[in-house]
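Down below is the structure, laid out as structure tokens.
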Amino acid sequence: MIRKIRLTPKGEIDIMVEAEIISPDSFAGKSEAELCELSVWQGPRQVPLGEFFEVEAWDEETTGDGDGTVDILIDGDASRIKRIGQRMTSGRIEILGSAGMHLGSEMAGGEILVRRDAGPWAGMNMSGGLLEVFGDVGDHAGSAYRGSWRGMSGGNILVRGNARSQVGGGMSGGEILVQGSVENFCGIRQSGGLIVVEGDAVRGVGAEMIGGSIAVLGEIHQFTPGFVAAGTERDPALGEGKVEGEFAKFLGDYAISKNPKGVLFVKEAVV
Amino acid sequence: MPTMVIKNGSVFDPLNGIDGEVIDVFIKDGKVAKDLSSADLARAEVIDARGKTVMPGGVDSHAHVAGAKVNAGRLMRPEDHIGSVRQRTGISHSGSGYTVPSVYKQGYDYSTMGYTTVFEAAMPPLEARHTHEEMRSTPMLDMGAYLVLGNNWFLMRYLHEGEIDKAAAYVAWMMKTHKAYGIKCVNPAGVENWGWGKNVHSLDEPNIHFEVTAREVIRGLAEVNERLGMPISLHLHANNLGHPGNAEITKESLAVTAGVSPYQKMGVEWAETRMDPHRAQSVYLAHAQFNAFGGTSWRDFESGAEVLAKYVNRADHVVIDNGAVPFGPATCMTGDGPSIHDLYVLAGIGGQKWSNTDVELECGSGVIPFTYLKGNPISAIQWAIGLEMLLLVDDPWKTIMTTDHPNGGVFTQYPQVIAWLMSRRARDATAAECHKWGYDRSTLGGVEREMSLFEIAILTRANTSRTIGMAHRKGHLGAGADGDVAIYNIDPERFNPDDYAEIVRAFGKADFTIKDGMIVARQGEVVAVPDGRRYYCEPKVDEGLARDMMVDVKEWFKYYTIGFANYPVPDKYLRNPVPIVVNGPAEAQEGR
């Protein structure tokens with residue numbers, strides 16, 4: 001049996017809503033009426049979830065895996081809703097529109113799928129699970145919270161569009177794949193894990209990294225100064241898979257450490 | 001004004017020699033009374049404390065809770081705030097922060113633990129306005145702040161020239177000007193050198209330009225302190241803090257004031273106590289743990305607590321607070337700028353955030369986030385030293401319990417520290433989780449002592465009050481004392497130190513916190529939010545002397561970045577100010 005829940009937005013939202021409650025973990029075992037009564041913050045007010053969404057919930061027979069899981073569908077735009085899937089450990093959330101800030105932050109398991117874009121801080125400090133965004137994401141995807149350098153430690157983020165600055169900041173584990181381009185300081189303070197950018201990067205790639213790997217398949221406009229060349233590699237194996245072609249390999253960031261273990265691959269044709 | 005009877009509780013009031021006796025406590029118009037008239041009794045609020053522990057309200061004599069460096073810590077550490085959030089209620093503000101909480105949260109958190117009085121450990125004169133602004137916004141607590149004077153240009157000049165009278169006149173003027181409570185001395189002579197990238201590492205090394213030594217500063221400030229008759233003795237943060245082997249210099253530093261007689265000349269009314277409420281010490285050593293290091297390097301690092309404790313046991317002019325390390329996140333902040341830099345070099349893998357400030361003609365400051373881990377050998381030893389410093393000193397009237405919040409740990413971890421002091425089993429359980437150096441390189445594993453509730457009351461209210469000169473109204477339940485009471489859910493009849501989780505739970509949330517006869521917190525909930533008082537000293541000195549001193553101050557004031565008129569803290573910065581006249585004509589007679 002899978003628990004299916006559909007949230008249909010009732011209309012435009014002005015002040016952003018803090019809805020960490022939208023998560024399979026907190027939705028589990030609740031009736032439609034109980035789900036409607038769950039409380040979210042909007043500015044200084046606490047408001048029932050039912051004020052923003054039509055809520056439908058039903059159980060569906062399943063053959064095989066997924067038994068007992070909760071599957072949430074947001075049937076429309078959620079770009080004014082923050083913290084969807086925060087700290088979720090299992091189940092699935094699919095959003096047909098866009099998602100607001102802090103999507104899947106601190107998520108430990110399960111799956112989030114966004115058909116359009118996600119705001120800043122998607123997958124912040126995440127430790128497990130899969131976060132997939134078909135469109136673009138804002139700044140700090142898979143990054144550490146402000147002030148901290150302990151970021152994403154596990155799980156996967158897949159961005160089919162572009163990401164902005166500080167992708168994977170402070171990352172120590174897990175994998176991030178951006179099929180589009182990134183802006184500044186991708187992988188800043190990275191100590192483990194893997195970031196692959198299929199498009200371009202503006203500058204500061206791997207700044208202050210001491211471990212883990214980054215591969216940029218497109219162009220880096222301004223290369224980070226603290227990296228030194230360490231030969232070339234063909235089709236380097238990275239995490240689960242590999243990237244194809246001839247890559248220049250760099251080690252860094254020597255600006256932060258005498259013996260850094262960070263590896264940066266750049267497509268040879270671009271260098 | 002509130003009138004109250006606390007009936008049937010087991011009372012621990014060390015300054016009045018009451019050790020767990022079941023007696024009633026009366027409060028009339030906010031002050032403790034011997035008894036109440038039948039008319040008063042009829043209108044009094046009655047609390048039944050049967051089977052519970054009743055103590056005077058908690059008094060913290062050393063915590064970094066207000067001012068520029070605390071706020072630098074807050075600004076530097078958004079990550080300290082995200083996981084520690086307090087929701088507002090109908091009467092209280094929201095707040096956030098674990099090691100460096102916002103002012104409101106700080107007030108509520110202290111109060112729900114049974115504390116009513118907290119003193120800010122280090123107020124740089126130039127940051128006095130900022131410190132008072134934060135204290136003004138801190139609810140629930142009576143407060144005061146010690147003025148950082150150990151590297152002050154004017155004082156170093158006077159002490160070098162042997163002008164002790166002018167030094168006293170200057171300190172008197174500074175106390176009034178900045179609405180400060182006592183003299184704090186941080187890394188004497190060393191912080192001035194830090195302005196030139198240097199430090200001092202012994203008591204007899206003259207510093208740059210001023211040619212004054214740490215010994216001269218300690219001795220001079222202690223003499224000034226007793227000449228004025230200040231409520232608190234010199235409060236010392238000794239040299240070489242945080243360096244292996246510093247227990248020796250700490251011992252030497254304490255010996256410097258051995259010949260100085262404590263002498264309080266305060267124009268206050270003294271509430272009744274059975275014990276002498278006057279302080280007996282001429283030096284109060286801050287956070288002894290950080291200054292009781294043995295070994296010669298981090299490789300042969302070990303506890304030096306035994307050496308220091310032996311000295312304190314022999315000396316009768318010393319009080320220490322321990323600065324415990326209860327593990328977990330901390331934010332180290334101090335006027336000792338070089339010690340923060342040393343910690344940065346030691347702990348940083350490079351690029352770790354930290355800050356340092358030079359406070360013009362006065363002092364310095366530094367802030368750095370730090371985490372004490374049970375698995376780390378140095379942290380484990382520091383944990384042991386913090387507890388040794390209290391358990392190895394035989395006379396509890398020489399010790400005070402702190403975490404040097406937020407340096408060794410956070411004040412909300414006090415209940416955990418109490419549990420370790422009261423329960424050998426609690427210590428053994430923690431030692432088993434720690435790096436083995438914790439027990440191997442200290443004497444803690446062999447310490448059998450388990451403190452009683454009476455001793456805990458000494459270390460957390462009675463002796464704190466006496467040491468800082470607040471025992472005329474705080475830290476006891478004698479007639480005339482402030483009606484500040486903490487009631488804890490501990491039945492002394494059934495108390496079992498092996499059940500240490502229960503100790504942590506009971507001291508974490510007072511059953512009742514009563515301030516000035518009013519219930520302000522109940523089982524962890526804030527139920528009333530009064531504004532506290534702000535104590536400061538107004539020492540009197542000869543007017544001619546003050547005029548001469550002022551000429552010197554104005555001569556050098558050109559080196560400040562601010563104008564003379566903007567230097568003092570205006571009266572409006574203080575809500576409920578309580579000036580204490582010191583060294584007045586009448587008070588000069590009153591001392592012992």
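Chain lettering (A, B, ...) mirrors the order of the structure tokens, residue numbering begins at 1 for each chain separately, and ligand numbering begins at 1 in order of display.
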Chain B contacts on chain A, only C-alpha atoms, 10 Å, as a list of chain:residue names: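 The contacting residues on chain A are A:Ala144, A:Tyr145, A:Arg146, A:Gly147, A:Ser148, A:Trp149, A:Arg150, A:Arg189, A:Glu208, A:Ile210, A:Ala255, A:Ile256, A:Ser257, A:Lys258.
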For the residues in the current selection, export all heavy atoms as a short mmCIF file (atom, residue, chain, number, x, y, z; two decimals), in the first residue's frame.
data_model
loop_
_atom_site.label_atom_id
_atom_site.label_comp_id
_atom_site.auth_asym_id
_atom_site.auth_seq_id
_atom_site.Cartn_x
_atom_site.Cartn_y
_atom_site.Cartn_z
N ALA A 144 26.58 24.35 2.59
CA ALA A 144 26.46 24.44 4.04
C ALA A 144 25.62 25.66 4.40
O ALA A 144 25.55 26.60 3.63
CB ALA A 144 27.84 24.56 4.67
N TYR A 145 25.06 25.62 5.61
CA TYR A 145 24.35 26.80 6.08
C TYR A 145 25.35 27.94 6.27
O TYR A 145 26.53 27.71 6.51
CB TYR A 145 23.64 26.50 7.41
CG TYR A 145 22.84 27.68 7.94
CD1 TYR A 145 21.73 28.15 7.24
CD2 TYR A 145 23.21 28.31 9.12
CE1 TYR A 145 21.02 29.23 7.71
CE2 TYR A 145 22.50 29.40 9.59
CZ TYR A 145 21.40 29.86 8.88
OH TYR A 145 20.71 30.93 9.34
N ARG A 146 24.87 29.16 6.21
CA ARG A 146 25.74 30.33 6.39
C ARG A 146 26.56 30.21 7.67
O ARG A 146 26.03 29.88 8.73
CB ARG A 146 24.89 31.58 6.51
CG ARG A 146 24.48 32.11 5.19
CD ARG A 146 24.13 33.59 5.28
NE ARG A 146 23.35 33.98 4.11
CZ ARG A 146 23.86 34.12 2.91
NH1 ARG A 146 25.14 33.91 2.69
NH2 ARG A 146 23.09 34.47 1.91
N GLY A 147 27.84 30.49 7.57
CA GLY A 147 28.69 30.48 8.75
C GLY A 147 29.33 29.13 9.00
O GLY A 147 30.28 29.02 9.75
N SER A 148 28.76 28.09 8.41
CA SER A 148 29.28 26.75 8.66
C SER A 148 30.02 26.26 7.42
O SER A 148 29.73 26.67 6.31
CB SER A 148 28.11 25.82 8.97
OG SER A 148 28.52 24.48 8.88
N TRP A 149 30.98 25.38 7.64
CA TRP A 149 31.64 24.76 6.48
C TRP A 149 31.39 23.26 6.47
O TRP A 149 32.15 22.51 5.93
CB TRP A 149 33.14 25.06 6.50
CG TRP A 149 33.42 26.49 6.22
CD1 TRP A 149 33.99 27.39 7.06
CD2 TRP A 149 33.11 27.22 5.02
NE1 TRP A 149 34.06 28.62 6.46
CE2 TRP A 149 33.54 28.55 5.21
CE3 TRP A 149 32.51 26.87 3.80
CZ2 TRP A 149 33.38 29.52 4.24
CZ3 TRP A 149 32.36 27.85 2.84
CH2 TRP A 149 32.79 29.15 3.05
N ARG A 150 30.35 22.82 7.13
CA ARG A 150 29.99 21.41 7.06
C ARG A 150 28.71 21.30 6.24
O ARG A 150 27.61 21.45 6.76
CB ARG A 150 29.77 20.86 8.47
CG ARG A 150 31.05 20.86 9.29
CD ARG A 150 30.85 20.22 10.64
NE ARG A 150 32.02 20.45 11.47
CZ ARG A 150 32.15 21.51 12.28
NH1 ARG A 150 31.18 22.39 12.38
NH2 ARG A 150 33.24 21.65 12.99
N ARG A 189 35.36 25.28 -0.32
CA ARG A 189 35.58 24.56 0.94
C ARG A 189 35.18 23.09 0.87
O ARG A 189 34.87 22.47 1.89
CB ARG A 189 34.81 25.22 2.09
CG ARG A 189 35.49 26.43 2.67
CD ARG A 189 36.69 26.00 3.49
NE ARG A 189 37.36 27.14 4.08
CZ ARG A 189 37.58 27.31 5.37
NH1 ARG A 189 37.19 26.41 6.23
NH2 ARG A 189 38.21 28.36 5.81
N GLU A 208 39.49 27.06 -1.86
CA GLU A 208 39.68 26.55 -0.51
C GLU A 208 39.27 25.09 -0.36
O GLU A 208 38.98 24.62 0.73
CB GLU A 208 38.94 27.42 0.52
CG GLU A 208 39.43 28.87 0.51
CD GLU A 208 38.94 29.71 1.68
OE1 GLU A 208 38.03 29.25 2.38
OE2 GLU A 208 39.46 30.81 1.86
N ILE A 210 39.88 21.11 0.01
CA ILE A 210 40.99 20.29 0.51
C ILE A 210 40.79 18.81 0.17
O ILE A 210 41.66 17.98 0.47
CB ILE A 210 41.18 20.44 2.03
CG1 ILE A 210 39.86 20.18 2.76
CG2 ILE A 210 41.72 21.81 2.38
CD1 ILE A 210 40.03 19.96 4.25
N ALA A 255 46.10 27.47 -1.57
CA ALA A 255 45.93 28.71 -0.82
C ALA A 255 45.50 28.43 0.62
O ALA A 255 45.69 29.24 1.51
CB ALA A 255 44.90 29.61 -1.50
N ILE A 256 44.94 27.23 0.85
CA ILE A 256 44.37 26.96 2.17
C ILE A 256 45.14 25.87 2.89
O ILE A 256 45.07 25.75 4.10
CB ILE A 256 42.87 26.55 2.02
CG1 ILE A 256 42.13 26.63 3.35
CG2 ILE A 256 42.72 25.17 1.44
CD1 ILE A 256 41.73 28.01 3.69
N SER A 257 45.86 25.04 2.17
CA SER A 257 46.49 23.89 2.79
C SER A 257 47.83 23.61 2.12
O SER A 257 48.01 23.88 0.93
CB SER A 257 45.57 22.67 2.64
OG SER A 257 46.27 21.48 2.91
N LYS A 258 48.77 23.05 2.88
CA LYS A 258 50.07 22.70 2.31
C LYS A 258 49.98 21.41 1.52
O LYS A 258 50.82 21.12 0.69
CB LYS A 258 51.10 22.52 3.43
CG LYS A 258 51.50 23.82 4.11
CD LYS A 258 52.75 23.59 4.98
CE LYS A 258 53.14 24.82 5.76
NZ LYS A 258 52.40 24.98 7.02
#
Residues within 10 Å of Phe26 (chain B), only C-alpha atoms, excluding chain neighbours under 5 positions, as a PDB file with N, CA and C atoms, in the first residue's frame:
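Contents of the output file around23.pdb:
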ATOM      1  N   THR B   3       4.703  39.468  48.499  1.00  0.00           N
ATOM      2  CA  THR B   3       4.906  38.855  49.807  1.00  0.00           C
ATOM      3  C   THR B   3       4.617  37.366  49.658  1.00  0.00           C
ATOM      4  N   MET B   4       5.449  36.545  50.260  1.00  0.00           N
ATOM      5  CA  MET B   4       5.404  35.119  49.935  1.00  0.00           C
ATOM      6  C   MET B   4       5.928  34.265  51.081  1.00  0.00           C
ATOM      7  N   VAL B   5       5.389  33.054  51.173  1.00  0.00           N
ATOM      8  CA  VAL B   5       5.945  32.068  52.099  1.00  0.00           C
ATOM      9  C   VAL B   5       6.299  30.824  51.293  1.00  0.00           C
ATOM     10  N   ILE B   6       7.523  30.351  51.459  1.00  0.00           N
ATOM     11  CA  ILE B   6       7.915  29.078  50.838  1.00  0.00           C
ATOM     12  C   ILE B   6       8.000  28.081  51.977  1.00  0.00           C
ATOM     13  N   LYS B   7       7.024  27.180  52.039  1.00  0.00           N
ATOM     14  CA  LYS B   7       6.861  26.303  53.196  1.00  0.00           C
ATOM     15  C   LYS B   7       7.507  24.942  52.967  1.00  0.00           C
ATOM     16  N   LYS B  31      11.721  41.403  49.858  1.00  0.00           N
ATOM     17  CA  LYS B  31      12.942  41.104  50.626  1.00  0.00           C
ATOM     18  C   LYS B  31      12.683  39.952  51.600  1.00  0.00           C
ATOM     19  N   VAL B  32      13.730  39.186  51.861  1.00  0.00           N
ATOM     20  CA  VAL B  32      13.597  38.093  52.817  1.00  0.00           C
ATOM     21  C   VAL B  32      13.314  38.683  54.206  1.00  0.00           C
ATOM     22  N   ALA B  33      12.364  38.076  54.937  1.00  0.00           N
ATOM     23  CA  ALA B  33      12.008  38.553  56.278  1.00  0.00           C
ATOM     24  C   ALA B  33      12.125  37.395  57.261  1.00  0.00           C
ATOM     25  N   LYS B  34      12.277  37.741  58.568  1.00  0.00           N
ATOM     26  CA  LYS B  34      12.374  36.696  59.593  1.00  0.00           C
ATOM     27  C   LYS B  34      11.067  35.938  59.712  1.00  0.00           C
ATOM     28  N   ASP B  35       9.979  36.709  59.739  1.00  0.00           N
ATOM     29  CA  ASP B  35       8.651  36.095  59.742  1.00  0.00           C
ATOM     30  C   ASP B  35       7.664  37.123  59.200  1.00  0.00           C
ATOM     31  N   LEU B  36       6.403  36.726  59.151  1.00  0.00           N
ATOM     32  CA  LEU B  36       5.386  37.642  58.626  1.00  0.00           C
ATOM     33  C   LEU B  36       4.296  37.835  59.675  1.00  0.00           C
ATOM     34  N   LEU B  41       0.621  37.344  56.337  1.00  0.00           N
ATOM     35  CA  LEU B  41       0.440  35.930  56.004  1.00  0.00           C
ATOM     36  C   LEU B  41      -0.838  35.705  55.222  1.00  0.00           C
ATOM     37  N   ALA B  44      -0.214  36.644  51.699  1.00  0.00           N
ATOM     38  CA  ALA B  44       0.999  36.112  51.078  1.00  0.00           C
ATOM     39  C   ALA B  44       0.686  34.977  50.107  1.00  0.00           C
ATOM     40  N   VAL B  46       1.585  31.439  48.796  1.00  0.00           N
ATOM     41  CA  VAL B  46       2.219  30.317  49.500  1.00  0.00           C
ATOM     42  C   VAL B  46       2.680  29.267  48.498  1.00  0.00           C
ATOM     43  N   LEU B 477      19.652  33.777  52.276  1.00  0.00           N
ATOM     44  CA  LEU B 477      18.242  34.010  52.608  1.00  0.00           C
ATOM     45  C   LEU B 477      18.106  34.601  54.009  1.00  0.00           C
ATOM     46  N   GLY B 478      19.105  35.408  54.417  1.00  0.00           N
ATOM     47  CA  GLY B 478      19.013  36.112  55.691  1.00  0.00           C
ATOM     48  C   GLY B 478      18.071  37.304  55.581  1.00  0.00           C
ATOM     49  N   ALA B 479      17.564  37.761  56.722  1.00  0.00           N
ATOM     50  CA  ALA B 479      16.614  38.879  56.721  1.00  0.00           C
ATOM     51  C   ALA B 479      17.240  40.088  56.036  1.00  0.00           C
ATOM     52  N   GLY B 483      14.670  38.925  47.756  1.00  0.00           N
ATOM     53  CA  GLY B 483      13.833  37.729  47.757  1.00  0.00           C
ATOM     54  C   GLY B 483      14.028  36.905  46.503  1.00  0.00           C
ATOM     55  N   GLY B 517      10.749  38.205  45.295  1.00  0.00           N
ATOM     56  CA  GLY B 517       9.483  37.726  45.833  1.00  0.00           C
ATOM     57  C   GLY B 517       8.416  37.420  44.796  1.00  0.00           C
TER      58      GLY B 517
END
All residues 8 Å or closer to Gly168 (chain A), only C-alpha atoms, same chain fewer than 5 positions away omitted, as a PyMOL selection string: chain A and resi 140-144+151-152+176+186-188+190+195
Region 128-137 of chain A environment, 8 Å, only C-alpha atoms, sequence neighbours closer than 4 positions dropped, as an MDAnalysis selection string: chainID A and resid 89:90 104 107:120 122:123 141 153:164 174
Residue contacts of Gly364 (chain B) (7 Å, only C-alpha atoms) excluding same-chain residues fewer than 6 positions away, as number ranges by chain: B: 191, 335-337, 357-358
Could you save those same residues with all heavy atoms as a compact mmCIF listing (two decimals), in the first residue's frame?
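Saved as part24.txt:
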# COMPACT_ATOMS: atom_id res chain seq x y z
N VAL B 191 48.73 42.19 26.61
CA VAL B 191 47.84 42.59 25.51
C VAL B 191 48.37 43.87 24.84
O VAL B 191 48.26 44.04 23.63
CB VAL B 191 46.39 42.77 26.00
CG1 VAL B 191 45.49 43.24 24.87
CG2 VAL B 191 45.86 41.47 26.59
N GLY B 335 39.43 39.21 26.27
CA GLY B 335 40.21 40.41 26.06
C GLY B 335 41.66 40.08 25.75
O GLY B 335 42.45 40.96 25.44
N ASP B 336 42.00 38.80 25.86
CA ASP B 336 43.36 38.34 25.63
C ASP B 336 43.52 38.02 24.14
O ASP B 336 43.49 36.85 23.73
CB ASP B 336 43.59 37.08 26.49
CG ASP B 336 45.06 36.70 26.58
OD1 ASP B 336 45.88 37.28 25.84
OD2 ASP B 336 45.39 35.83 27.40
N GLY B 337 43.68 39.06 23.34
CA GLY B 337 43.78 38.89 21.88
C GLY B 337 44.80 37.85 21.45
O GLY B 337 44.50 36.98 20.64
N THR B 357 40.68 42.39 17.89
CA THR B 357 40.44 43.83 17.92
C THR B 357 41.43 44.49 18.87
O THR B 357 41.72 43.95 19.93
CB THR B 357 39.00 44.12 18.40
OG1 THR B 357 38.09 43.56 17.47
CG2 THR B 357 38.74 45.61 18.50
N ASP B 358 41.91 45.64 18.46
CA ASP B 358 42.72 46.46 19.36
C ASP B 358 41.83 47.57 19.89
O ASP B 358 41.20 48.29 19.12
CB ASP B 358 43.90 47.04 18.60
CG ASP B 358 44.68 48.03 19.44
OD1 ASP B 358 45.13 47.64 20.53
OD2 ASP B 358 44.83 49.19 19.02
Test item, strand (DSSP E) assignment across region 144-227 of chain A, answer as a list in words: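 Across region 144-227 of chain A, those assigned strand (DSSP E) are Asn156, Ile157, Leu158, Val159, Glu175, Ile176, Leu177, Val178, Ser191, Gly192, Gly193, Leu194, Ile195, Val196, Val197, Ala201, Val202, Arg203, Gly211, Gly212, Ser213, Ile214, Ala215, Val216, Ile220, His221 and Gln222 of chain A.
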All residues 10 Å or closer to Phe53 (chain A), only C-alpha atoms, same chain fewer than 2 positions away omitted, as an NGL selection string: :A and (6-11 or 36 or 48-51 or 55-56 or 74-75)
Exercise: region 82-86 of chain A partners within 6 Å, only C-alpha atoms, chain neighbours under 3 positions left out, as a ChimeraX atom specification: /A:17-20,22-23,100-107
Residues of region 16-262 of chain A in alpha helix (DSSP H), written as a PyMOL selection string: chain A and resi 24-27+32-37
Point-to-point distance in Å for CA of Gly409 (chain B) and CA of Ser172 (chain A):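 Distance reported for this atom pair: 26.8 Å.
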Pick from B:Glu448, B:Asp60, B:Glu525, B:Asp13, whichever lies nearest to Arg86 (chain B) using only C-alpha atoms: B:Glu525
CA of Val65 (chain B) to CA of Ile468 (chain B), straight-line distance in Å: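 Going from CA of Ile468 (chain B) over to CA of Val65 (chain B) covers 17.0 Å.
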